[in-house]
$ cat coords.txt   # compact mmCIF, C-alpha atoms
# COMPACT_ATOMS: atom_id res chain seq x y z
CA MET A 1 -14.28 9.12 13.12
CA PRO A 2 -16.39 12.18 14.11
CA GLY A 3 -19.99 12.30 12.87
CA PRO A 4 -19.66 15.00 10.15
CA ALA A 5 -16.58 13.32 8.68
CA ALA A 6 -18.30 9.93 8.74
CA ASP A 7 -21.22 11.37 6.81
CA VAL A 8 -18.89 12.75 4.12
CA VAL A 9 -17.06 9.39 3.89
CA ARG A 10 -20.43 7.63 3.48
CA ARG A 11 -21.50 10.02 0.71
CA LEU A 12 -18.17 9.59 -1.08
CA ALA A 13 -18.55 5.80 -0.91
CA GLU A 14 -22.04 6.09 -2.42
CA ASN A 15 -20.44 7.94 -5.35
CA ALA A 16 -17.21 5.93 -5.45
CA GLU A 17 -16.98 5.60 -9.23
CA ALA A 18 -17.61 9.33 -9.76
CA VAL A 19 -14.90 10.13 -7.19
CA CYS A 20 -12.46 7.85 -9.00
CA ARG A 21 -13.26 9.28 -12.43
CA HIS A 22 -12.58 12.78 -11.09
CA TYR A 23 -9.49 12.30 -8.91
CA LEU A 24 -8.02 9.16 -10.55
CA SER A 25 -8.83 9.95 -14.19
CA ASN A 26 -5.78 8.05 -15.48
CA GLY A 27 -7.24 4.79 -14.16
CA CYS A 28 -10.08 2.60 -15.38
CA ARG A 29 -12.85 0.41 -14.08
CA SER A 30 -12.18 -3.32 -13.89
CA GLY A 31 -15.21 -5.25 -12.70
CA ARG A 32 -16.10 -4.09 -9.19
CA TYR A 33 -12.88 -2.06 -8.83
CA TRP A 34 -11.24 1.10 -10.13
CA GLN A 35 -7.53 0.58 -10.84
CA VAL A 36 -4.75 3.17 -11.18
CA GLY A 37 -1.04 3.47 -10.42
CA ASP A 38 -1.17 5.38 -7.13
CA VAL A 39 -2.98 8.12 -5.20
CA ALA A 40 -1.21 10.75 -7.33
CA ASN A 41 -3.19 9.50 -10.39
CA THR A 42 -0.20 7.88 -12.08
CA PRO A 43 -1.26 5.40 -14.80
CA GLY A 44 -0.96 1.78 -13.70
CA ARG A 45 -2.79 -0.95 -11.80
CA SER A 46 -1.17 -1.02 -8.35
CA LEU A 47 -3.93 0.84 -6.51
CA TYR A 48 -7.49 -0.43 -6.55
CA VAL A 49 -10.69 1.08 -5.13
CA ARG A 50 -13.76 -0.99 -4.28
CA LEU A 51 -16.76 0.53 -6.05
CA PHE A 52 -19.67 -1.51 -4.62
CA GLY A 53 -20.81 -3.39 -1.55
CA PRO A 54 -20.16 -2.86 2.17
CA SER A 55 -16.52 -1.93 1.48
CA ALA A 56 -17.26 0.60 -1.27
CA GLY A 57 -14.75 3.43 -1.19
CA LYS A 58 -12.01 1.41 0.49
CA TRP A 59 -8.70 1.37 -1.41
CA VAL A 60 -5.35 -0.40 -1.19
CA ASP A 61 -2.05 0.28 -2.97
CA ALA A 62 -0.48 -3.16 -3.39
CA ALA A 63 2.95 -1.64 -4.09
CA THR A 64 3.25 0.44 -0.91
CA GLY A 65 0.76 -1.12 1.50
CA GLU A 66 -1.08 2.21 1.86
CA HIS A 67 -4.83 1.96 2.33
CA GLY A 68 -7.79 4.00 3.49
CA ASP A 69 -11.14 5.45 2.47
CA LEU A 70 -11.99 8.02 -0.20
CA LEU A 71 -11.45 10.95 2.17
CA ASP A 72 -7.88 9.69 2.75
CA LEU A 73 -7.46 9.37 -1.02
CA ILE A 74 -8.65 12.94 -1.67
CA ALA A 75 -6.24 14.24 0.99
CA LEU A 76 -3.24 12.41 -0.49
CA ASN A 77 -4.20 13.19 -4.09
CA GLY A 78 -4.41 16.91 -3.36
CA ASN A 79 -1.55 17.14 -0.81
CA LEU A 80 -4.08 18.37 1.77
CA PRO A 81 -2.40 18.43 5.22
CA THR A 82 -5.44 18.63 7.55
CA LEU A 83 -8.79 16.92 7.95
CA LYS A 84 -10.55 20.27 7.49
CA ASP A 85 -8.85 20.77 4.10
CA ALA A 86 -9.84 17.26 3.00
CA LEU A 87 -13.44 17.73 4.16
CA ASP A 88 -13.69 21.09 2.39
CA GLU A 89 -12.51 19.53 -0.88
CA ALA A 90 -14.83 16.52 -0.49
CA ARG A 91 -17.83 18.77 0.21
CA ARG A 92 -16.94 20.86 -2.83
CA PHE A 93 -16.93 17.73 -5.00
CA LEU A 94 -20.22 16.49 -3.50
CA ALA A 95 -21.78 19.98 -3.78
CA LEU A 96 -22.48 20.01 -0.05
CA PRO A 97 -22.61 23.26 1.97
CA GLN A 98 -19.48 24.13 3.93
CA PRO A 99 -20.01 24.22 7.71
CA GLN A 100 -19.89 27.48 9.64
CA PRO A 101 -17.88 27.88 11.79
CA PRO A 102 -15.15 25.54 10.47
CA LEU A 103 -14.95 22.18 12.19
CA LYS A 104 -12.01 21.58 14.51
CA LEU A 105 -11.33 17.93 13.86
CA ARG A 106 -8.20 15.84 14.13
CA TRP A 107 -6.73 14.27 11.00
CA ARG A 108 -6.32 10.51 11.09
CA ALA A 109 -7.80 8.03 13.46
CA ARG A 110 -6.67 8.49 17.04
CA THR A 111 -5.87 4.83 17.45
CA SER A 112 -3.28 4.48 14.65
CA VAL A 113 -1.53 7.78 15.39
CA GLU A 114 -1.19 6.93 19.06
CA ALA A 115 -0.32 3.28 18.42
CA ALA A 116 2.74 4.18 16.31
CA PRO A 117 4.90 5.72 19.09
CA ARG A 118 3.84 2.97 21.46
CA LEU A 119 5.00 0.33 18.99
CA PHE A 120 8.28 2.14 18.37
CA ALA A 121 8.94 2.36 22.10
CA MET A 122 8.62 -1.44 22.39
CA VAL A 123 11.25 -2.39 19.83
CA ARG A 124 15.01 -2.73 20.18
CA PRO A 125 18.06 -1.14 18.48
CA ILE A 126 19.05 -2.43 15.08
CA ALA A 127 22.63 -3.46 15.97
CA GLY A 128 23.32 -7.18 15.53
CA THR A 129 19.82 -7.98 14.26
CA ILE A 130 18.26 -9.41 11.11
CA ALA A 131 17.36 -5.84 10.14
CA GLU A 132 21.04 -4.84 10.12
CA ALA A 133 21.84 -7.96 8.06
CA TYR A 134 19.07 -7.06 5.59
CA LEU A 135 20.47 -3.56 5.03
CA SER A 136 24.01 -4.97 4.71
CA HIS A 137 22.69 -7.35 2.05
CA ARG A 138 21.47 -4.23 0.22
CA GLY A 139 24.99 -2.73 0.40
CA ILE A 140 24.15 -0.39 3.31
CA THR A 141 26.37 -0.35 6.39
CA GLY A 142 27.06 1.96 9.32
CA VAL A 143 23.44 2.04 10.50
CA ARG A 144 23.81 0.93 14.12
CA HIS A 145 23.64 4.45 15.55
CA LEU A 146 20.57 5.54 13.56
CA THR A 147 17.83 6.05 16.15
CA ALA A 148 15.06 6.20 13.53
CA LEU A 149 15.56 2.48 12.75
CA ARG A 150 14.79 -0.37 15.12
CA PHE A 151 14.02 -4.09 15.04
CA LEU A 152 11.08 -6.19 16.21
CA PRO A 153 11.66 -9.97 16.13
CA ASN A 154 7.95 -10.84 16.23
CA CYS A 155 5.84 -8.24 14.44
CA PHE A 156 2.26 -9.33 13.79
CA TYR A 157 0.60 -9.18 10.38
CA ARG A 158 -2.23 -10.69 8.35
CA ALA A 159 -1.53 -11.82 4.80
CA HIS A 160 -4.98 -10.48 3.78
CA ASP A 161 -8.32 -9.54 5.30
CA GLY A 162 -9.66 -12.50 7.23
CA ALA A 163 -6.33 -14.37 7.26
CA PRO A 164 -4.98 -15.69 10.57
CA ARG A 165 -2.57 -13.44 12.42
CA LYS A 166 1.11 -14.37 12.06
CA ALA A 167 4.37 -12.86 13.29
CA GLY A 168 7.81 -12.37 11.78
CA PRO A 169 10.96 -10.24 12.08
CA ALA A 170 10.57 -6.66 10.90
CA LEU A 171 12.56 -3.47 10.39
CA ILE A 172 10.66 -0.67 12.15
CA ALA A 173 11.22 2.93 11.00
CA ALA A 174 9.92 5.95 12.92
CA VAL A 175 7.98 8.49 10.85
CA THR A 176 8.22 11.99 12.36
CA ASP A 177 6.96 15.48 11.60
CA ILE A 178 9.24 18.53 11.34
CA GLN A 179 9.02 18.99 15.12
CA GLY A 180 10.39 15.48 15.65
CA ARG A 181 7.14 13.96 16.96
CA ILE A 182 6.48 10.34 15.96
CA THR A 183 3.35 10.28 13.81
CA GLY A 184 3.68 6.79 12.35
CA VAL A 185 5.91 3.82 11.65
CA GLN A 186 6.78 1.79 8.60
CA ARG A 187 7.11 -1.94 9.12
CA THR A 188 9.18 -4.00 6.67
CA TRP A 189 8.84 -7.72 7.30
CA LEU A 190 12.10 -9.57 6.59
CA ASP A 191 13.29 -13.00 5.58
CA PRO A 192 14.59 -14.71 8.76
CA LEU A 193 18.02 -15.07 7.13
CA GLY A 194 18.28 -11.31 6.53
CA CYS A 195 18.77 -11.73 2.78
CA GLY A 196 15.65 -9.85 1.69
CA LYS A 197 12.05 -9.00 2.47
CA ALA A 198 9.64 -11.63 3.74
CA PRO A 199 7.86 -13.62 0.99
CA ILE A 200 4.43 -12.10 1.63
CA ALA A 201 2.23 -10.02 -0.68
CA THR A 202 2.84 -6.67 1.04
CA PRO A 203 6.01 -6.84 3.17
CA ARG A 204 5.90 -3.05 3.76
CA ARG A 205 3.00 -1.59 5.72
CA ALA A 206 2.50 1.76 7.40
CA LEU A 207 0.79 2.64 10.66
CA GLY A 208 -0.25 6.16 11.63
CA SER A 209 0.04 9.43 9.73
CA LEU A 210 2.60 9.54 6.88
CA ASN A 211 1.27 12.43 4.81
CA GLY A 212 3.79 15.30 4.95
CA ASN A 213 6.09 13.39 7.29
CA GLY A 214 9.05 11.02 6.86
CA VAL A 215 11.85 8.91 8.32
CA ARG A 216 14.60 11.38 9.22
CA PHE A 217 18.36 10.96 9.44
CA GLY A 218 19.94 14.11 10.87
CA GLN A 219 18.55 17.56 11.64
CA ALA A 220 17.91 19.73 8.59
CA THR A 221 19.85 23.03 8.60
CA GLY A 222 21.11 24.67 5.40
CA VAL A 223 20.87 21.55 3.24
CA LEU A 224 18.35 18.70 3.06
CA LEU A 225 18.08 15.59 0.88
CA ALA A 226 14.68 13.95 0.34
CA GLY A 227 13.86 10.65 -1.34
CA GLU A 228 11.25 7.92 -1.44
CA GLY A 229 12.46 4.67 0.15
CA ILE A 230 14.60 4.13 3.22
CA GLU A 231 17.08 2.03 1.23
CA THR A 232 17.40 4.77 -1.41
CA VAL A 233 18.13 7.45 1.17
CA LEU A 234 20.52 5.26 3.18
CA SER A 235 22.44 4.43 -0.03
CA LEU A 236 23.02 8.16 -0.59
CA ARG A 237 23.97 8.54 3.05
CA MET A 238 26.83 6.08 2.44
CA VAL A 239 28.44 8.77 0.28
CA MET A 240 27.01 11.94 1.88
CA PRO A 241 26.97 11.09 5.62
CA ALA A 242 26.94 14.72 6.76
CA VAL A 243 23.83 15.72 4.80
CA PRO A 244 20.50 15.56 6.71
CA MET A 245 18.09 13.29 4.86
CA VAL A 246 14.44 12.25 4.95
CA ALA A 247 12.70 9.24 3.38
CA ALA A 248 9.06 10.00 2.55
CA LEU A 249 8.34 6.27 1.92
CA SER A 250 6.43 6.59 -1.38
CA ALA A 251 6.20 8.82 -4.43
CA SER A 252 2.90 10.36 -3.35
CA HIS A 253 4.26 11.14 0.12
CA LEU A 254 7.45 12.61 -1.35
CA ALA A 255 5.33 15.01 -3.39
CA ALA A 256 3.45 16.01 -0.22
CA LEU A 257 6.50 16.26 2.09
CA VAL A 258 6.30 19.19 4.52
CA LEU A 259 9.58 21.10 4.23
CA PRO A 260 11.22 22.48 7.38
CA PRO A 261 11.97 26.23 7.49
CA GLY A 262 15.78 26.02 7.57
CA PRO A 263 17.14 24.53 4.29
CA LYS A 264 18.40 26.80 1.50
CA ARG A 265 19.13 23.87 -0.82
CA LEU A 266 17.04 20.76 -1.34
CA TYR A 267 18.36 17.66 -3.07
CA ILE A 268 15.63 15.34 -4.37
CA ALA A 269 16.52 11.72 -5.13
CA CYS A 270 14.28 11.03 -8.14
CA ASP A 271 13.38 7.39 -8.74
CA ALA A 272 13.56 6.57 -12.44
CA ASP A 273 9.89 5.82 -13.03
CA ARG A 274 6.88 7.93 -13.93
CA ALA A 275 5.64 8.22 -10.33
CA GLY A 276 9.11 9.21 -9.15
CA ARG A 277 9.52 11.88 -11.82
CA ARG A 278 6.09 13.30 -11.06
CA ALA A 279 6.80 13.41 -7.32
CA CYS A 280 10.09 15.17 -7.99
CA GLU A 281 8.34 17.77 -10.16
CA ARG A 282 5.65 18.46 -7.58
CA LEU A 283 8.07 18.78 -4.66
CA THR A 284 10.37 20.93 -6.79
CA GLY A 285 7.56 23.37 -7.54
CA ARG A 286 6.58 23.68 -3.88
CA ALA A 287 10.18 24.11 -2.73
CA ARG A 288 10.97 26.81 -5.30
CA THR A 289 7.82 28.67 -4.30
CA ALA A 290 9.23 28.68 -0.76
CA GLY A 291 12.51 30.18 -2.03
CA ILE A 292 14.55 26.95 -1.77
CA THR A 293 17.11 26.03 -4.42
CA VAL A 294 16.32 22.54 -5.74
CA LEU A 295 18.88 20.13 -7.20
CA PRO A 296 17.47 16.80 -8.48
CA LEU A 297 19.65 13.70 -8.25
CA HIS A 298 19.11 11.05 -10.92
CA PRO A 299 20.20 7.38 -10.62
CA ARG A 300 21.50 5.30 -13.48
CA CYS A 301 19.16 2.41 -12.59
CA GLY A 302 15.74 2.46 -10.97
CA ASP A 303 16.88 4.09 -7.73
CA PHE A 304 20.12 4.80 -5.88
CA ASN A 305 20.13 1.50 -4.00
CA ASP A 306 20.02 -0.24 -7.37
CA ASP A 307 23.03 1.91 -8.38
CA LEU A 308 24.92 1.07 -5.17
CA ARG A 309 24.42 -2.65 -5.64
CA ALA A 310 25.07 -2.64 -9.39
CA TYR A 311 28.14 -0.37 -9.58
CA GLY A 312 29.53 -0.02 -6.06
CA LEU A 313 30.30 2.85 -3.72
CA GLU A 314 33.08 4.43 -5.79
CA ALA A 315 30.89 4.77 -8.88
CA LEU A 316 27.98 6.13 -6.83
CA ALA A 317 30.24 8.74 -5.27
CA ALA A 318 31.53 9.80 -8.68
CA ALA A 319 28.01 10.10 -10.07
CA LEU A 320 26.90 12.24 -7.15
CA ARG A 321 29.92 14.52 -7.33
CA ALA A 322 28.87 15.40 -10.87
CA GLN A 323 25.34 16.35 -9.71
CA ILE A 324 25.71 18.28 -6.45
CA ALA A 325 26.46 21.95 -5.91
CA GLN A 326 30.08 23.08 -5.60
CA GLU A 327 29.50 24.40 -2.10
CA ASP A 328 28.41 20.94 -0.91
CA LEU A 329 31.50 19.03 -2.01
CA ALA A 330 32.67 19.09 1.60
CA CYS A 331 29.62 17.01 2.48
CA LEU A 332 30.83 14.29 0.13
CA ALA A 333 34.04 14.16 2.12
CA GLY A 334 32.06 13.38 5.28
CA SER A 335 32.48 16.85 6.75
CA GLU A 336 29.64 18.73 8.39
CA CYS A 337 27.84 20.87 5.84
CA THR A 338 28.02 24.56 6.64
CA GLU A 339 27.50 27.89 5.00
CA ALA A 340 30.76 29.21 6.51
CA ARG A 341 33.39 30.04 3.90
CA GLY A 342 37.13 30.22 4.12
CA PRO A 343 39.61 32.27 2.11
CA GLY A 344 38.66 32.58 -1.50
CA GLY A 345 35.04 31.65 -0.91
CA ALA A 346 35.74 27.93 -0.37
CA VAL A 347 33.46 26.05 1.97
CA SER A 348 35.02 25.65 5.42
CA PRO A 349 33.65 22.58 7.24
CA ARG A 350 33.37 22.95 10.99
CA HIS A 351 35.25 19.74 11.62
CA GLY A 352 36.72 16.80 9.75
CA GLY A 353 34.65 13.70 9.06
CA THR A 354 35.18 10.01 8.67
CA GLY A 355 33.15 9.48 5.51
CA LYS A 356 34.43 8.65 2.07
CA ARG A 357 36.79 11.24 0.61
CA LEU A 358 36.65 11.80 -3.12

$ encode --input "coords.txt" --output "structure tokens"
Amino acid sequence: MPGPAADVVRRLAENAEAVCRHYLSNGCRSGRYWQVGDVANTPGRSLYVRLFGPSAGKWVDAATGEHGDLLDLIALNGNLPTLKDALDEARRFLALPQPQPPLKLRWRARTSVEAAPRLFAMVRPIAGTIAEAYLSHRGITGVRHLTALRFLPNCFYRAHDGAPRKAGPALIAAVTDIQGRITGVQRTWLDPLGCGKAPIATPRRALGSLNGNGVRFGQATGVLLAGEGIETVLSLRMVMPAVPMVAALSASHLAALVLPPGPKRLYIACDADRAGRRACERLTGRARTAGITVLPLHPRCGDFNDDLRAYGLEALAAALRAQIAQEDLACLAGSECTEARGPGGAVSPRHGGTGKRL
């Protein structure tokens, strides 16, 4: 990390409890830690920040595997896309003078950002692997051609700091920016039988830069669907295969998702918990400010993969048909979404599809 940024991180760590009380006010102190739901300041106990000692200022979200220092936390909490923005906010909090001229520093550590595309280049397609079996076990099929998903039979991990390094099969998802550049990966360690995640404390872990980016399925044009988890988005893709989609990988990252310039309509898959509702509200506000029509999609259970497994594909399709815009009904039929209209104003898909027809 460059010198000026390192100095700010050190000062934040020296004032770790004050930082937490300001940015994570819905949390509370518990011994040597500050606990809260997530970086978006949702009430809960999943995320904890070390307040004292050599690791003061370091934080981990046990639910998502996200981790970092207090400068990372300030950036995610405030949806700040660049290192300069995060440093400016941190200096404002610490009452430090702003540098002149502005620093030209890169966001995120060089090593993790550059390691992500190298890792993704090493792995193999998902077809016929434990990763495909895992998704099938979740009710998700037809994933073999998805280039954003790959499989690594021996992906290294440590169960906790200081634990010996082990390896296991993992689903690897490419995280890209709106230009299509790989900025990170999400690794999901799997049970060797493909029937679920691996029995470790944090089976999902990210590498690289996730903030503002996501795992993309299709190129966004006039319509885009955004959600949190890969399984949630792929469940919706079972019914709406022609709609471009992006999985932001967590509620806080969904709220901070950078929207491409093309879409006129944005569907947001809202997980049915407090963090999911808050992320949906924040992304909705940003999208509407940009002139994009927003249509939230609400599951019956916790998320849409829960719905798919609980009620089946027919029921999920029926629930979605009641929530989407009239002009996108062609997308439910597996046709390519288009703004072209036929006689009488009906949507005219460019070509027929092979998806589920309602």

$ residues_near_point --input "coords.txt" --point "(0.7, 0.2, 0.6)" --cutoff "10 Å" --atoms "all atoms listed in the file" --output "ChimeraX atom specification"
/A:38,46-47,59-68,202-206,249-250

$ closest_residue --input "coords.txt" --among "A:Asp177, A:Asp191, A:Glu114, A:Asp72" --to "Thr129 in chain A" --atoms "all atoms listed in the file"
A:Asp191

$ closest_residue --input "coords.txt" --among "A:Leu266, A:Ile126, A:Leu210, A:Leu80" --to "Leu224 in chain A" --atoms "only C-alpha atoms"
A:Leu266

$ residues_around --input "coords.txt" --residues "Ser55 in chain A" --least-positions-apart "5" --cutoff "10 Å" --atoms "only C-alpha atoms" --output "ChimeraX atom specification"
/A:13,49-50,69

$ closest_residue --input "coords.txt" --among "A:Arg321, A:His137, A:His145, A:Arg265" --to "Ala220 in chain A" --atoms "all atoms listed in the file"
A:Arg265
